[in-house]
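Okay, entry.pdb is below, PDB, C-alpha atoms:
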```pdb
ATOM      1  CA  MET A 181     -62.421-108.368 108.557
ATOM      2  CA  PHE A 182     -63.391-106.683 105.281
ATOM      3  CA  ALA A 183     -67.076-107.533 105.829
ATOM      4  CA  ALA A 184     -66.896-106.044 109.323
ATOM      5  CA  LEU A 185     -65.451-102.821 107.905
ATOM      6  CA  ILE A 186     -68.306-102.639 105.395
ATOM      7  CA  ALA A 187     -70.843-103.043 108.194
ATOM      8  CA  GLU A 188     -69.121-100.309 110.207
ATOM      9  CA  ALA A 189     -68.791 -97.880 107.284
ATOM     10  CA  SER A 190     -72.427 -98.366 106.270
ATOM     11  CA  HIS A 191     -73.699 -98.214 109.878
ATOM     12  CA  GLY A 192     -75.107-101.712 109.438
ATOM     13  CA  GLU A 193     -77.256-100.775 106.442
ATOM     14  CA  ILE A 194     -75.359-102.972 103.973
ATOM     15  CA  ALA A 195     -75.372-106.717 104.537
ATOM     16  CA  THR A 196     -72.611-108.977 103.207
ATOM     17  CA  VAL A 197     -72.425-112.636 102.307
ATOM     18  CA  LEU A 198     -69.002-114.289 102.269
ATOM     19  CA  HIS A 199     -68.251-116.495  99.281
ATOM     20  CA  THR A 200     -65.010-118.425  99.800
ATOM     21  CA  PHE A 201     -62.780-119.779  97.031
ATOM     22  CA  THR A 202     -60.104-122.420  96.915
ATOM     23  CA  THR A 203     -58.033-121.157  94.013
ATOM     24  CA  THR A 204     -55.758-123.054  91.669
ATOM     25  CA  GLY A 205     -52.801-121.585  93.536
ATOM     26  CA  ASP A 206     -54.124-123.027  96.798
ATOM     27  CA  LYS A 207     -54.499-126.476  95.270
ATOM     28  CA  ILE A 208     -51.033-126.807  93.697
ATOM     29  CA  LEU A 209     -48.739-127.901  96.500
ATOM     30  CA  ASP A 210     -46.330-130.244  94.737
ATOM     31  CA  ARG A 211     -44.392-127.806  92.532
ATOM     32  CA  PRO A 212     -43.327-124.139  92.366
ATOM     33  CA  LEU A 213     -46.014-121.707  91.208
ATOM     34  CA  GLN A 214     -43.782-120.370  88.434
ATOM     35  CA  GLU A 215     -43.971-123.790  86.792
ATOM     36  CA  ALA A 216     -47.768-123.757  86.947
ATOM     37  CA  GLY A 217     -48.536-120.272  85.695
ATOM     38  CA  GLY A 218     -47.493-117.697  88.292
ATOM     39  CA  LYS A 219     -49.398-115.118  90.307
ATOM     40  CA  GLY A 220     -52.716-115.293  88.466
ATOM     41  CA  LEU A 221     -53.299-118.746  89.941
ATOM     42  CA  PHE A 222     -54.488-117.064  93.174
ATOM     43  CA  THR A 223     -56.889-114.650  91.501
ATOM     44  CA  LYS A 224     -58.315-115.997  88.254
ATOM     45  CA  GLU A 225     -61.279-117.785  89.864
ATOM     46  CA  LEU A 226     -62.246-114.592  91.701
ATOM     47  CA  ASP A 227     -61.734-112.472  88.583
ATOM     48  CA  ARG A 228     -64.069-114.760  86.667
ATOM     49  CA  ALA A 229     -66.671-114.707  89.450
ATOM     50  CA  GLN A 230     -66.698-110.918  89.310
ATOM     51  CA  GLU A 231     -66.922-110.920  85.537
ATOM     52  CA  VAL A 232     -70.106-113.029  85.560
ATOM     53  CA  GLY A 233     -71.638-111.214  88.545
ATOM     54  CA  GLU A 234     -71.339-114.064  91.035
ATOM     55  CA  ILE A 235     -69.592-111.760  93.521
ATOM     56  CA  ASP A 236     -69.486-107.966  93.903
ATOM     57  CA  ILE A 237     -66.157-107.496  95.669
ATOM     58  CA  ALA A 238     -63.043-109.691  95.620
ATOM     59  CA  VAL A 239     -60.679-109.389  98.584
ATOM     60  CA  HIS A 240     -57.028-110.286  97.975
ATOM     61  CA  SER A 241     -53.630-110.382  99.573
ATOM     62  CA  LEU A 242     -52.161-107.675  97.347
ATOM     63  CA  LYS A 243     -48.875-109.452  96.702
ATOM     64  CA  ASP A 244     -50.884-112.219  94.970
ATOM     65  CA  VAL A 245     -52.531-109.784  92.537
ATOM     66  CA  THR A 246     -51.045-109.508  89.053
ATOM     67  CA  VAL A 247     -49.673-106.082  88.119
ATOM     68  CA  THR A 248     -52.075-105.910  85.166
ATOM     69  CA  LEU A 249     -55.744-106.552  85.946
ATOM     70  CA  PRO A 250     -58.452-107.794  83.578
ATOM     71  CA  ASP A 251     -60.116-104.923  81.715
ATOM     72  CA  HIS A 252     -63.357-105.237  83.674
ATOM     73  CA  LEU A 253     -61.717-104.802  87.106
ATOM     74  CA  TYR A 254     -59.885-102.153  89.131
ATOM     75  CA  LEU A 255     -58.335-102.030  92.598
ATOM     76  CA  ALA A 256     -60.895 -99.981  94.489
ATOM     77  CA  THR A 257     -59.576 -99.986  98.036
ATOM     78  CA  PHE A 258     -56.527-100.822 100.128
ATOM     79  CA  LEU A 259     -56.786-101.577 103.835
ATOM     80  CA  GLU A 260     -54.289-100.286 106.381
ATOM     81  CA  ARG A 261     -51.021-102.117 105.953
ATOM     82  CA  GLU A 262     -50.119-104.784 108.478
ATOM     83  CA  ASP A 263     -46.454-105.475 109.354
ATOM     84  CA  PRO A 264     -44.711-105.941 105.957
ATOM     85  CA  ARG A 265     -41.689-107.804 107.326
ATOM     86  CA  ASP A 266     -40.800-111.488 107.078
ATOM     87  CA  CYS A 267     -40.409-113.837 110.043
ATOM     88  CA  LEU A 268     -37.965-116.655 110.622
ATOM     89  CA  MET A 269     -39.694-119.774 111.903
ATOM     90  CA  GLY A 270     -37.889-122.517 113.798
ATOM     91  CA  PRO A 271     -35.314-122.458 116.588
ATOM     92  CA  PHE A 272     -33.152-119.692 115.089
ATOM     93  CA  ALA A 273     -34.030-115.990 115.481
ATOM     94  CA  SER A 274     -31.798-114.545 112.746
ATOM     95  CA  LEU A 275     -30.159-115.560 109.481
ATOM     96  CA  ALA A 276     -26.763-115.293 111.168
ATOM     97  CA  GLU A 277     -27.783-117.925 113.725
ATOM     98  CA  LEU A 278     -28.630-120.560 111.100
ATOM     99  CA  PRO A 279     -26.024-123.363 111.138
ATOM    100  CA  GLN A 280     -23.644-123.730 108.211
ATOM    101  CA  GLY A 281     -25.454-125.518 105.375
ATOM    102  CA  ALA A 282     -28.843-125.334 107.113
ATOM    103  CA  VAL A 283     -31.925-126.402 105.153
ATOM    104  CA  VAL A 284     -34.529-123.633 104.811
ATOM    105  CA  GLY A 285     -37.970-124.235 103.323
ATOM    106  CA  SER A 286     -39.575-121.618 101.076
ATOM    107  CA  SER A 287     -41.694-121.572  97.914
ATOM    108  CA  SER A 288     -40.961-117.889  97.235
ATOM    109  CA  LEU A 289     -38.335-117.163  94.563
ATOM    110  CA  ARG A 290     -37.723-113.803  96.244
ATOM    111  CA  ARG A 291     -37.026-115.326  99.632
ATOM    112  CA  GLN A 292     -34.929-118.112  98.123
ATOM    113  CA  ALA A 293     -32.723-115.631  96.262
ATOM    114  CA  GLN A 294     -32.422-113.281  99.251
ATOM    115  CA  LEU A 295     -31.499-116.165 101.541
ATOM    116  CA  LEU A 296     -28.780-117.326  99.168
ATOM    117  CA  ALA A 297     -27.521-113.772  98.670
ATOM    118  CA  ALA A 298     -27.097-113.414 102.438
ATOM    119  CA  ARG A 299     -25.960-116.993 103.084
ATOM    120  CA  PRO A 300     -24.719-118.867  99.983
ATOM    121  CA  ASP A 301     -24.076-121.927 102.162
ATOM    122  CA  LEU A 302     -27.764-122.496 102.870
ATOM    123  CA  LYS A 303     -29.795-125.183 101.125
ATOM    124  CA  VAL A 304     -33.258-123.963 100.148
ATOM    125  CA  VAL A 305     -36.041-126.498  99.564
ATOM    126  CA  MET A 306     -39.607-125.912  98.350
ATOM    127  CA  PHE A 307     -42.309-125.427 100.993
ATOM    128  CA  ARG A 308     -45.898-124.984  99.757
ATOM    129  CA  GLY A 309     -49.153-124.805 101.688
ATOM    130  CA  ASN A 310     -50.788-122.577 104.290
ATOM    131  CA  VAL A 311     -49.176-121.480 107.553
ATOM    132  CA  GLN A 312     -50.223-124.590 109.467
ATOM    133  CA  THR A 313     -48.963-126.904 106.711
ATOM    134  CA  ARG A 314     -45.581-125.217 106.591
ATOM    135  CA  LEU A 315     -45.200-125.303 110.353
ATOM    136  CA  ARG A 316     -46.069-129.002 110.332
ATOM    137  CA  LYS A 317     -43.399-129.655 107.696
ATOM    138  CA  LEU A 318     -40.941-127.776 109.875
ATOM    139  CA  ALA A 319     -41.895-129.837 112.922
ATOM    140  CA  ASP A 320     -41.496-133.013 110.851
ATOM    141  CA  GLY A 321     -37.883-132.107 110.153
ATOM    142  CA  GLU A 322     -38.203-131.356 106.431
ATOM    143  CA  ALA A 323     -36.195-128.182 107.086
ATOM    144  CA  GLN A 324     -34.474-126.414 109.966
ATOM    145  CA  ALA A 325     -36.211-123.113 109.306
ATOM    146  CA  THR A 326     -38.780-121.450 107.090
ATOM    147  CA  ILE A 327     -39.860-117.874 106.429
ATOM    148  CA  LEU A 328     -43.415-116.542 106.675
ATOM    149  CA  ALA A 329     -44.947-113.086 106.363
ATOM    150  CA  ALA A 330     -45.437-111.292 109.673
ATOM    151  CA  ALA A 331     -48.749-109.903 108.388
ATOM    152  CA  GLY A 332     -50.292-113.346 108.005
ATOM    153  CA  LEU A 333     -49.034-114.495 111.384
ATOM    154  CA  ARG A 334     -50.375-111.374 113.101
ATOM    155  CA  ARG A 335     -53.783-111.700 111.447
ATOM    156  CA  LEU A 336     -53.952-115.352 112.526
ATOM    157  CA  GLY A 337     -52.880-114.498 116.086
ATOM    158  CA  MET A 338     -49.747-116.610 115.633
ATOM    159  CA  ILE A 339     -46.936-114.053 115.702
ATOM    160  CA  ASP A 340     -45.710-115.656 118.938
ATOM    161  CA  LYS A 341     -44.699-118.694 116.841
ATOM    162  CA  ALA A 342     -41.979-116.664 115.095
ATOM    163  CA  ALA A 343     -38.427-117.092 116.336
ATOM    164  CA  GLY A 344     -37.477-113.674 115.002
ATOM    165  CA  ILE A 345     -38.689-110.870 112.750
ATOM    166  CA  LEU A 346     -36.325-109.932 109.918
ATOM    167  CA  GLU A 347     -35.914-106.190 109.522
ATOM    168  CA  ILE A 348     -36.676-104.548 106.180
ATOM    169  CA  ASP A 349     -32.973-103.973 105.463
ATOM    170  CA  ALA A 350     -32.188-107.651 106.090
ATOM    171  CA  MET A 351     -34.923-108.968 103.777
ATOM    172  CA  LEU A 352     -36.781-106.489 101.591
ATOM    173  CA  PRO A 353     -40.411-107.672 101.365
ATOM    174  CA  ALA A 354     -42.482-108.488  98.323
ATOM    175  CA  GLY A 355     -44.313-105.607  96.697
ATOM    176  CA  GLY A 356     -47.690-105.223  98.394
ATOM    177  CA  GLN A 357     -46.802-107.495 101.316
ATOM    178  CA  GLY A 358     -49.060-106.856 104.307
ATOM    179  CA  ILE A 359     -51.712-104.993 102.275
ATOM    180  CA  ILE A 360     -55.221-106.309 101.645
ATOM    181  CA  GLY A 361     -56.681-104.972  98.402
ATOM    182  CA  ALA A 362     -60.170-105.308  96.977
ATOM    183  CA  THR A 363     -61.277-105.204  93.354
ATOM    184  CA  LEU A 364     -64.559-103.988  91.903
ATOM    185  CA  ARG A 365     -66.021-104.176  88.438
ATOM    186  CA  MET A 366     -65.566-101.018  86.383
ATOM    187  CA  ASP A 367     -69.348-100.826  86.055
ATOM    188  CA  ALA A 368     -70.072-101.370  89.761
ATOM    189  CA  PRO A 369     -72.886 -99.172  91.105
ATOM    190  CA  ASP A 370     -71.857 -95.781  92.470
ATOM    191  CA  TRP A 371     -72.973 -96.630  96.016
ATOM    192  CA  LEU A 372     -70.570 -99.591  96.065
ATOM    193  CA  LYS A 373     -67.690 -97.525  94.690
ATOM    194  CA  GLU A 374     -68.365 -94.864  97.312
ATOM    195  CA  LEU A 375     -68.407 -97.485 100.062
ATOM    196  CA  ALA A 376     -65.081 -98.926  98.901
ATOM    197  CA  ALA A 377     -63.593 -95.421  98.877
ATOM    198  CA  LYS A 378     -64.563 -95.002 102.538
ATOM    199  CA  LEU A 379     -62.495 -98.064 103.461
ATOM    200  CA  ASP A 380     -59.408 -96.934 101.556
ATOM    201  CA  ASN A 381     -56.255 -96.197 103.555
ATOM    202  CA  GLU A 382     -54.147 -93.453 101.967
ATOM    203  CA  GLU A 383     -50.749 -94.694 103.143
ATOM    204  CA  ALA A 384     -51.486 -98.225 101.969
ATOM    205  CA  ARG A 385     -52.683 -96.881  98.600
ATOM    206  CA  LEU A 386     -49.499 -94.853  98.095
ATOM    207  CA  ALA A 387     -47.355 -97.861  98.953
ATOM    208  CA  ALA A 388     -49.387-100.118  96.668
ATOM    209  CA  LEU A 389     -49.131 -97.713  93.732
ATOM    210  CA  ALA A 390     -45.373 -97.230  94.160
ATOM    211  CA  GLU A 391     -44.533-100.886  94.671
ATOM    212  CA  ARG A 392     -46.783-102.132  91.866
ATOM    213  CA  ALA A 393     -45.285 -99.527  89.498
ATOM    214  CA  PHE A 394     -41.835-100.900  90.343
ATOM    215  CA  LEU A 395     -42.990-104.464  89.686
ATOM    216  CA  ARG A 396     -44.652-103.437  86.440
ATOM    217  CA  LYS A 397     -41.426-101.915  85.100
ATOM    218  CA  LEU A 398     -39.612-105.165  85.797
ATOM    219  CA  ASP A 399     -42.439-107.529  84.842
ATOM    220  CA  GLY A 400     -42.595-108.662  88.453
ATOM    221  CA  SER A 401     -44.291-112.015  88.989
ATOM    222  CA  CYS A 402     -43.845-115.331  90.776
ATOM    223  CA  ARG A 403     -41.186-116.039  88.141
ATOM    224  CA  THR A 404     -39.030-113.120  89.301
ATOM    225  CA  PRO A 405     -37.012-112.708  92.537
ATOM    226  CA  ILE A 406     -38.080-109.110  93.138
ATOM    227  CA  ALA A 407     -38.775-106.989  96.220
ATOM    228  CA  ALA A 408     -39.996-103.454  96.893
ATOM    229  CA  HIS A 409     -40.980-101.385  99.902
ATOM    230  CA  PHE A 410     -42.366 -97.841 100.104
ATOM    231  CA  ARG A 411     -43.076 -95.968 103.326
ATOM    232  CA  LEU A 412     -43.994 -92.494 104.451
ATOM    233  CA  THR A 413     -41.487 -90.625 106.605
ATOM    234  CA  PRO A 414     -41.784 -87.415 108.666
ATOM    235  CA  GLY A 415     -40.222 -85.513 105.761
ATOM    236  CA  GLY A 416     -41.911 -87.269 102.847
ATOM    237  CA  ALA A 417     -41.413 -90.829 101.638
ATOM    238  CA  GLU A 418     -38.690 -93.325 100.859
ATOM    239  CA  MET A 419     -38.561 -96.476  98.797
ATOM    240  CA  ALA A 420     -36.182 -99.309  97.979
ATOM    241  CA  GLY A 421     -36.507-101.965  95.312
ATOM    242  CA  GLU A 422     -34.351-104.820  94.147
ATOM    243  CA  LEU A 423     -34.104-107.598  91.602
ATOM    244  CA  LEU A 424     -31.963-110.685  92.186
ATOM    245  CA  ALA A 425     -30.553-113.566  90.206
ATOM    246  CA  ASP A 426     -32.394-116.789  91.032
ATOM    247  CA  ASP A 427     -29.368-118.164  92.899
ATOM    248  CA  GLY A 428     -28.737-114.920  94.804
ATOM    249  CA  SER A 429     -25.362-114.425  93.132
ATOM    250  CA  ARG A 430     -26.318-110.989  91.788
ATOM    251  CA  ARG A 431     -28.466-108.215  93.174
ATOM    252  CA  TRP A 432     -29.556-104.962  91.518
ATOM    253  CA  ARG A 433     -30.993-102.376  93.895
ATOM    254  CA  ALA A 434     -32.202 -98.776  93.782
ATOM    255  CA  GLU A 435     -33.441 -96.375  96.438
ATOM    256  CA  GLY A 436     -35.254 -93.067  96.220
ATOM    257  CA  LEU A 437     -36.798 -90.268  98.255
ATOM    258  CA  ILE A 438     -39.710 -87.864  97.954
ATOM    259  CA  GLU A 439     -39.536 -84.586  99.849
ATOM    260  CA  GLY A 440     -42.878 -83.467 101.244
ATOM    261  CA  ARG A 441     -46.162 -85.334 101.364
ATOM    262  CA  PRO A 442     -46.391 -87.403  98.156
ATOM    263  CA  SER A 443     -49.406 -87.578  95.895
ATOM    264  CA  ALA A 444     -50.544 -90.800  94.255
ATOM    265  CA  PHE A 445     -48.817 -89.593  91.085
ATOM    266  CA  ASP A 446     -45.558 -88.958  92.988
ATOM    267  CA  ALA A 447     -45.608 -92.447  94.497
ATOM    268  CA  GLU A 448     -46.242 -94.138  91.173
ATOM    269  CA  VAL A 449     -43.505 -92.131  89.450
ATOM    270  CA  LEU A 450     -41.000 -93.011  92.170
ATOM    271  CA  GLY A 451     -41.747 -96.711  91.764
ATOM    272  CA  SER A 452     -41.414 -96.473  87.983
ATOM    273  CA  VAL A 453     -38.125 -94.557  88.143
ATOM    274  CA  LEU A 454     -36.587 -97.033  90.570
ATOM    275  CA  GLY A 455     -37.745 -99.875  88.329
ATOM    276  CA  GLU A 456     -36.018 -98.197  85.393
ATOM    277  CA  ASP A 457     -32.859 -97.763  87.487
ATOM    278  CA  VAL A 458     -32.765-101.440  88.365
ATOM    279  CA  ALA A 459     -33.525-102.554  84.801
ATOM    280  CA  ALA A 460     -30.750-100.323  83.432
ATOM    281  CA  GLU A 461     -28.224-101.523  86.012
ATOM    282  CA  ARG A 462     -29.052-105.159  85.267
ATOM    283  CA  ALA A 463     -28.816-104.642  81.499
ATOM    284  CA  TYR A 464     -25.469-102.864  81.876
ATOM    285  CA  GLU A 465     -23.990-105.594  84.045
ATOM    286  CA  LEU A 466     -25.299-108.592  82.110
ATOM    287  CA  GLU A 467     -25.457-107.307  78.550
ATOM    288  CA  GLY A 468     -23.175-104.276  78.425
ATOM    289  CA  VAL A 469     -26.058-101.953  77.541
ATOM    290  CA  PRO A 470     -25.024 -98.330  78.330
ATOM    291  CA  ARG A 471     -26.766 -96.879  81.375
ATOM    292  CA  PRO A 472     -28.888 -93.715  81.068
ATOM    293  CA  ASP A 473     -26.294 -91.759  83.099
ATOM    294  CA  ASP A 474     -23.384 -92.615  80.786
ATOM    295  CA  GLY A 475     -21.950 -89.437  79.370
ATOM    296  CA  ASP A 476     -23.480 -86.759  81.587
ATOM    297  CA  GLY A 477     -22.524 -87.880  85.086
ATOM    298  CA  ASP A 478     -26.094 -87.775  86.460
ATOM    299  CA  THR A 479     -27.496 -91.048  87.647
ATOM    300  CA  ALA A 480     -31.111 -92.117  87.402
ATOM    301  CA  GLU A 481     -31.044 -92.802  91.130
ATOM    302  CA  GLU A 482     -30.135 -89.180  91.829
ATOM    303  CA  GLY A 483     -33.131 -88.209  89.711
ATOM    304  CA  ALA A 484     -35.356 -90.384  91.863
ATOM    305  CA  ASP A 485     -33.946 -88.765  95.009
ATOM    306  CA  ALA A 486     -34.813 -85.252  93.846
TER     307      ALA A 486
END
```
Would you encode the structure as structure tokens?
Amino acid sequence: MFAALIAEASHGEIATVLHTFTTTGDKILDRPLQEAGGKGLFTKELDRAQEVGEIDIAVHSLKDVTVTLPDHLYLATFLEREDPRDCLMGPFASLAELPQGAVVGSSSLRRQAQLLAARPDLKVVMFRGNVQTRLRKLADGEAQATILAAAGLRRLGMIDKAAGILEIDAMLPAGGQGIIGATLRMDAPDWLKELAAKLDNEEARLAALAERAFLRKLDGSCRTPIAAHFRLTPGGAEMAGELLADDGSRRWRAEGLIEGRPSAFDAEVLGSVLGEDVAAERAYELEGVPRPDDGDGDTAEEGADA
């Protein structure tokens, strides 16, 4: 899809060659990613290939990209966001329909924690592998349900396999979910940087900046049950972000608004402020650290809403 967009933007004058990678994250299927090194497992081979000049552009699922990039790389373009929601796979269309004590397969700490927060009776087991592998495990009876990203299913033409789509309020998605991002070397030629800029989608960029700023404030990674979602509205923009305890027993959440069309700076600031809100709330609850609003009556969340 990215190669086709390059051909279209360059009116066929720029040819592309696809170089596929099977990353470390793709190969590890027998244990949770957080035990093996986290998010960078899906990107380090591509980062290295760019560093040595083996490839010019690396195309990623943005939620797999670490919040801090190697010094020689930058996120040059974001494609239009696909559906950011999660889907319930199996015979049940909603979390409420799952039987008492149902077994749900997921390798995502975020989804595991959110499932347990909504339904503490559920039993969550690890599911690793691509879409087809997870659906096969489901068919083999290893679990009664699993959760997959709607974006992946739509891009594979498999959205009809979903029993139900979970609304944003029911399961806040991972930061960057549904967005394809591409990295370039800092010293890439100007013509390549200009081409990448042509492919960039403004709404996806704003969402990516806001959500990644939130993750950065909270050190978001595969080791952290964390979720964030930014979207434009007719009057401006709105965002929600949350951090959960691994077992879903606690949840710290913040929401904020921007009035009027946001700039990239506005979006990034909103994400950072909400991250600070959540971090302060968590520290207050778990460690008794005074919150920034103690003493003056103004909350950080109100500041984010301004």
Using only C-alpha atoms, the residue out of A:Gly270, A:Pro300, A:Gly358, A:Gly285 with shortest distance to Ala343 of chain A is A:Gly270
One decimal, Å: what's the distance from atom CA of Gly421 of chain A over to atom CA of His409 of chain A, could you say?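 Going from atom CA of Gly421 of chain A over to atom CA of His409 of chain A covers 6.4 Å.
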Can you write out as CSV which residues of segment 292-340 of chain A fall within 12 Å of segment 219-243 of chain A, alongside each residue's closest atom pair and its distance in Å to one decimal, counting all atoms listed in the file and ordering rows by chain and ascending residue number?
```
residue,atom,partner,partner_atom,distance
A:Ala329,CA,A:Lys243,CA,11.0
A:Ala331,CA,A:Ser241,CA,10.1
A:Gly332,CA,A:Ser241,CA,9.5
A:Arg335,CA,A:Ser241,CA,11.9
```
Written file, previous selection with C-alpha atoms, as a tab-separated table (two decimals), in the coordinates of the input:
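In the end it all went to again21.tsv:
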```
chain	number	residue	atom	x	y	z
A	329	ALA	CA	-44.95	-113.09	106.36
A	331	ALA	CA	-48.75	-109.90	108.39
A	332	GLY	CA	-50.29	-113.35	108.00
A	335	ARG	CA	-53.78	-111.70	111.45
```
To one decimal place in Å, what is the distance between atom CA of Arg411 of chain A and atom CA of Asp457 of chain A?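 Rounded to one decimal, the two atoms are 18.9 Å apart.
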Hits of the PyMOL selection byres ((chain A and resi 381) around 6) in this structure, as a ChimeraX atom specification: /A:258-260,380,382-384
Report, in Å to a single decimal, how far apart atom CA of Leu466 of chain A and atom CA of Trp432 of chain A are.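 Atom-to-atom, atom CA of Trp432 of chain A and atom CA of Leu466 of chain A are spaced 10.9 Å apart.
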If the PyMOL selection byres ((chain A and resi 393-400) around 9) were run on this exact file, what residues would it hold? Put them as a count of residues only. 31
Give me the result of the PyMOL selection byres ((chain A and resi 434-440) around 6) on this file, residue by residue, as a VMD selection string. chain A and resid 415 to 421 433 441 454 484 to 485
For the residues in the current selection, export C-alpha atoms as an mmCIF file, in the frame of the given file.
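Here's the written file part_16.cif:
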```cif
data_model
loop_
_atom_site.group_PDB
_atom_site.id
_atom_site.type_symbol
_atom_site.label_atom_id
_atom_site.label_comp_id
_atom_site.auth_asym_id
_atom_site.auth_seq_id
_atom_site.Cartn_x
_atom_site.Cartn_y
_atom_site.Cartn_z
ATOM 1 C CA GLY A 415 -40.222 -85.513 105.761
ATOM 2 C CA GLY A 416 -41.911 -87.269 102.847
ATOM 3 C CA ALA A 417 -41.413 -90.829 101.638
ATOM 4 C CA GLU A 418 -38.690 -93.325 100.859
ATOM 5 C CA MET A 419 -38.561 -96.476 98.797
ATOM 6 C CA ALA A 420 -36.182 -99.309 97.979
ATOM 7 C CA GLY A 421 -36.507 -101.965 95.312
ATOM 8 C CA ARG A 433 -30.993 -102.376 93.895
ATOM 9 C CA ARG A 441 -46.162 -85.334 101.364
ATOM 10 C CA LEU A 454 -36.587 -97.033 90.570
ATOM 11 C CA ALA A 484 -35.356 -90.384 91.863
ATOM 12 C CA ASP A 485 -33.946 -88.765 95.009
#
```
If you count all atoms listed in the file, which residues fall within 8 Å of Asp266 of chain A, apart from same-chain ones fewer than 3 positions away, as a PyMOL selection string? chain A and resi 327-330+345-347+351+353
Within 10 Å of Arg430 of chain A, counting all atoms listed in the file, which residues show up once you throw out same-chain ones fewer than 4 positions away? Write them as a PyMOL selection string, please. chain A and resi 293-294+297+423-426+462+465
With C-alpha atoms retained, write the just-selected residues as a short mmCIF file (atom, residue, chain, number, x, y, z; two decimals), in the frame of the given file.
```cif
data_model
loop_
_atom_site.label_atom_id
_atom_site.label_comp_id
_atom_site.auth_asym_id
_atom_site.auth_seq_id
_atom_site.Cartn_x
_atom_site.Cartn_y
_atom_site.Cartn_z
CA ALA A 293 -32.72 -115.63 96.26
CA GLN A 294 -32.42 -113.28 99.25
CA ALA A 297 -27.52 -113.77 98.67
CA LEU A 423 -34.10 -107.60 91.60
CA LEU A 424 -31.96 -110.68 92.19
CA ALA A 425 -30.55 -113.57 90.21
CA ASP A 426 -32.39 -116.79 91.03
CA ARG A 462 -29.05 -105.16 85.27
CA GLU A 465 -23.99 -105.59 84.04
#
```
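With all atoms listed in the file as the atoms that count, the residue of A:Leu278, A:Val197, A:Met338, A:Ala387 with the shortest distance to Ile359 of chain A is A:Ala387.
If only C-alpha atoms are the atoms counted, then among A:Ser274, A:Thr202, A:Leu379, A:Ala354 the closest residue to Ala184 of chain A is A:Leu379.
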